[in-house]
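These notes concern the structure reproduced below.
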Amino acid sequence: MTTNTTPQTTVTQQGTKPTALLYTVIGASLITAVSAFLAWTWDSSFPGDLTYYGSPAPLQYLTFLGALLTTAFALSALGTKGFRWLTPAGSRKAVWLLALGTFATTTYTALAIIVELGALVDLEPGAGVAVIASAIAAATAFKIPDDTRKATPAKQLPSWAEILIITAVFAIGLFVVTFGIDTDDKEPQLFVAYLIIVGFAAAALLKAGLIDRFSTITANNRQVTVIGTMAAAVAFPFIQQSGDTYTLIAVNILIFATVALGLNVVVGLAGLLDLGYVAFLGVGAYTAALVSGATSSAFGIQFPFWAAVLTGALASLIFGVVIGAPTLRLRGDYLAIVTLGFGEIFRIAMGNLDGVSGPKITNGPNGIPNIPHLEFFGFNFGEAHVIFGVTLGAYANYYLLMLVVMAFVIVIFTRAANSRIGRSWVAIREDETAATAMGINGFNVKLIAFALGATLAGLAGTIQAHVNTTVVPENYVFAGPVPPNSAFLLAAVILGGMGTVRGPILGAALLFLIPAKLSFLQDYQLLGFGIALILLMRFRPEGLIANKRAKLEYHDDTADQAPTDLATAKAGA
């Protein structure tokens, strides 16, 4: 029998560098950068005053920065010496994202001018040049062929060079975060433009492979990374030029992030859906208010700082055990409904303990005001202190205190997650039936997670009571436009990345800072929040900072490829 075999010829079309497209992107980006030094409007009443030539306003600087980054990554795509290190995993997506972000930022600014001032004629030619040039850069970058590749291992750098890189990245990160927090509330357009350009730049760095490469460097220098992180965090209040105005936002972010880490024990590690978690924050806050010498306290006692903190944490622990013991035999939606009910019961109970509807303990809906500031070994956190020649206000003092508390919570979380009980939580989360069959006591393990999460939330609540100097029931609702509430806490854990340390901290920072800066949207905040969550679940369901297990679960295609390969093998046989 003769078999005629037709040889198959595979033609590999070797792509060449799209030099013309890249030069077009570079030229358009440089024109965009130059246009930032032109006037964009003739009316100085627009926030930021974009009427000057040669002196860009902060909004124009964002466009300028985006254009420079686009140029730098385009030069890397061309293989220009000194820029090649920018794109270890490919340049096309990074260049396009940066060009698109610059165009979006510039177009938003131009539209804001038109809407704020009322007419298209309020634009100066500089704005038109910026919009057109950035549009050309974005459209041209989209046409560049995809060159995504697996990042090659980086050449091992000397230790001093890696330390310098870590220091430089932390310094840039501190500047970027400080710029966002310090944006004037009277200029909401600046913060929106800041969000746009930072979001696109972060995505570009991820696609270029720079974030993965930096993660490798930090993994090789863990101690330096920890020290650098703490140094950058401690430096924040010392570089504030406007006093405590924006430090208060940072304090609340740290409180919110600490509570989110506690919830991460319950949701991220143990897999228990808790919709009333904010109640444990309230338990700690109310306990601290009652024992810290507040004028309206029903007990009339004043514990020292350490005793008030321990009392608040212990009270939350007791509530966690009392609520968890009868309910943790439930699973899934049933447990979520019960915890939601507990959260609402707590809020309503605090509002009724006013001496009319119930015993006079919490002063009802009026709450407990005039909570005195903390004092520790003669250091009053409510007074200004001069440290290293810099005057730090009350909120700066509480900010530094919350850094210590957060460091303690991070240590507790990481130690617990890496312990035997932590592995039991993960086993329960993945498959409770299988874990029970392997000898794990599911009820006890879940109760420990519930109690630990409640204790960490109560610890943060004791500090929150002294920062706000008042505690009212309406601060502890399930959902609302202002965090912290149970919905925002759960969203912070999911947004950042369940089961990680950095994820909930990042998620909490974003979910507190963005509503605080976009308060002008009023009722539309929750609409934007919902849209953002939908987009996140669609494009990055594992969260912004995911662990390896979540990455494999959502992005590993091996399971899909195996049946095809098996079928091919059988067909070939």
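Identifiers for the structure tokens are assigned positionally: chains receive A, B, ... in sequence, residues are indexed from 1 per chain, and ligands are indexed from 1 in the order shown.
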- Message: At a cut-off of 12 Å, using only C-alpha atoms, what residues contact A:Thr140? Leave out same-chain residues fewer than 5 positions from it and give the result as a list in words.
- Response: Pro18, Thr19, Ala20, Leu21, Leu22, Tyr23, Thr24, Val25, Ile26, Gly27, Ala28, Ser29, Thr70, Ala74, Arg92, Val95, Trp96, Leu97, Ala99, Leu100, Ala133, Ser134, Ala135 and Pro145 of chain A
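Among the candidates A:Leu536, A:Ala516, A:Gly507, A:Ala208, the residue lying nearest to A:Asp184 is A:Ala516 (atoms considered: only C-alpha atoms).
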Contacts of stretch 329-390 of chain A with stretch 446-453 of chain A up to 12 Å, shortest pair per row, only C-alpha atoms, as JSON lines:
```
{"residue": "A:Arg329", "atom": "CA", "partner": "A:Lys446", "partner_atom": "CA", "distance": 9.1}
{"residue": "A:Leu330", "atom": "CA", "partner": "A:Lys446", "partner_atom": "CA", "distance": 10.8}
{"residue": "A:Arg331", "atom": "CA", "partner": "A:Lys446", "partner_atom": "CA", "distance": 10.8}
{"residue": "A:Leu335", "atom": "CA", "partner": "A:Lys446", "partner_atom": "CA", "distance": 11.8}
{"residue": "A:Thr339", "atom": "CA", "partner": "A:Phe450", "partner_atom": "CA", "distance": 11.0}
```
- Message: I'd like to know which residues of stretch 406-541 of chain A are alpha helix (DSSP H) (by DSSP, run on the backbone); could you write them as a PyMOL selection string?
- Response: chain A and resi 406-417+420-430+432-437+442-468+486-496+502-517+525-539
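Distances from A:Ile301, A:Val131, A:Leu248, A:Val291 to A:Ala104 were compared using only C-alpha atoms, and the smallest one belongs to A:Val131.
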- Task: Fewer than 4 positions away in the same chain doesn't count, so skip those; otherwise give me all residues within 12 Å of stretch 166-173 of chain A, counting only C-alpha atoms, as a PyMOL selection string.
- Result: chain A and resi 159-162+177-180+198+202+210-211+213-233+235-236
Keeping only C-alpha atoms, take the residues you just selected and write them out as a tab-separated table (two decimals), in the first residue's frame.
```tsv
chain	number	residue	atom	x	y	z
A	159	SER	CA	23.84	44.47	46.00
A	160	TRP	CA	24.48	48.22	46.18
A	161	ALA	CA	22.83	48.71	42.79
A	162	GLU	CA	19.72	46.77	43.82
A	177	VAL	CA	1.15	58.91	46.64
A	178	THR	CA	1.77	62.26	48.32
A	179	PHE	CA	0.82	64.12	45.15
A	180	GLY	CA	-2.50	62.28	45.01
A	198	VAL	CA	-1.48	56.70	37.21
A	202	ALA	CA	0.68	51.17	36.32
A	210	LEU	CA	9.07	46.05	35.09
A	211	ILE	CA	6.88	45.28	38.10
A	213	ARG	CA	11.48	42.49	37.65
A	214	PHE	CA	11.26	44.85	40.62
A	215	SER	CA	9.51	42.14	42.64
A	216	THR	CA	12.48	39.87	41.96
A	217	ILE	CA	14.87	42.54	43.24
A	218	THR	CA	12.82	43.10	46.42
A	219	ALA	CA	12.63	39.34	47.00
A	220	ASN	CA	16.44	39.24	46.96
A	221	ASN	CA	16.60	42.10	49.47
A	222	ARG	CA	13.71	41.53	51.87
A	223	GLN	CA	15.23	43.35	54.84
A	224	VAL	CA	16.10	46.39	52.75
A	225	THR	CA	12.59	46.37	51.29
A	226	VAL	CA	10.95	46.28	54.72
A	227	ILE	CA	13.20	49.07	56.01
A	228	GLY	CA	12.56	51.14	52.89
A	229	THR	CA	8.80	50.66	53.17
A	230	MET	CA	8.77	51.79	56.79
A	231	ALA	CA	11.08	54.72	56.04
A	232	ALA	CA	8.83	55.93	53.20
A	233	ALA	CA	5.74	55.56	55.39
A	235	ALA	CA	8.53	60.19	56.05
A	236	PHE	CA	5.01	61.04	54.87
```
- With distances taken over only C-alpha atoms, the candidate from A:Leu269, A:Ala487, A:Ala77, A:Ala285 nearest A:Lys93 is A:Ala77
- Exercise: A:Leu310 partners within 12 Å, only C-alpha atoms, chain neighbours under 6 positions left out, as a PyMOL selection string: chain A and resi 284-285+287-288+291-292+303-304+316-317+455-456+458-463
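The nearest approach to A:Gly320 among the residues A:Ala454, A:Ile361, A:Met350, A:Ala298, with only C-alpha atoms taken into account, belongs to A:Ala454.
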- Message: Using DSSP assignments from the backbone, pull out every residue in stretch 257-403 of chain A that falls under strand (DSSP E) and give it to me as a PyMOL selection string.
- Response: chain A and resi 375-376+379-380+385-387+390-392
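Atom CA of A:Phe200 sits 21.0 Å away from atom CA of A:Glu187.
Separating atom CA of A:Leu59 from atom CA of A:Ser76 is a distance of 26.5 Å.
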- Item | Polymer residues at most 12 Å from A:Gly293, only C-alpha atoms, same-chain spacing of 4 or more positions, as a PyMOL selection string | chain A and resi 287-289+297-305+308+368-375+466+469
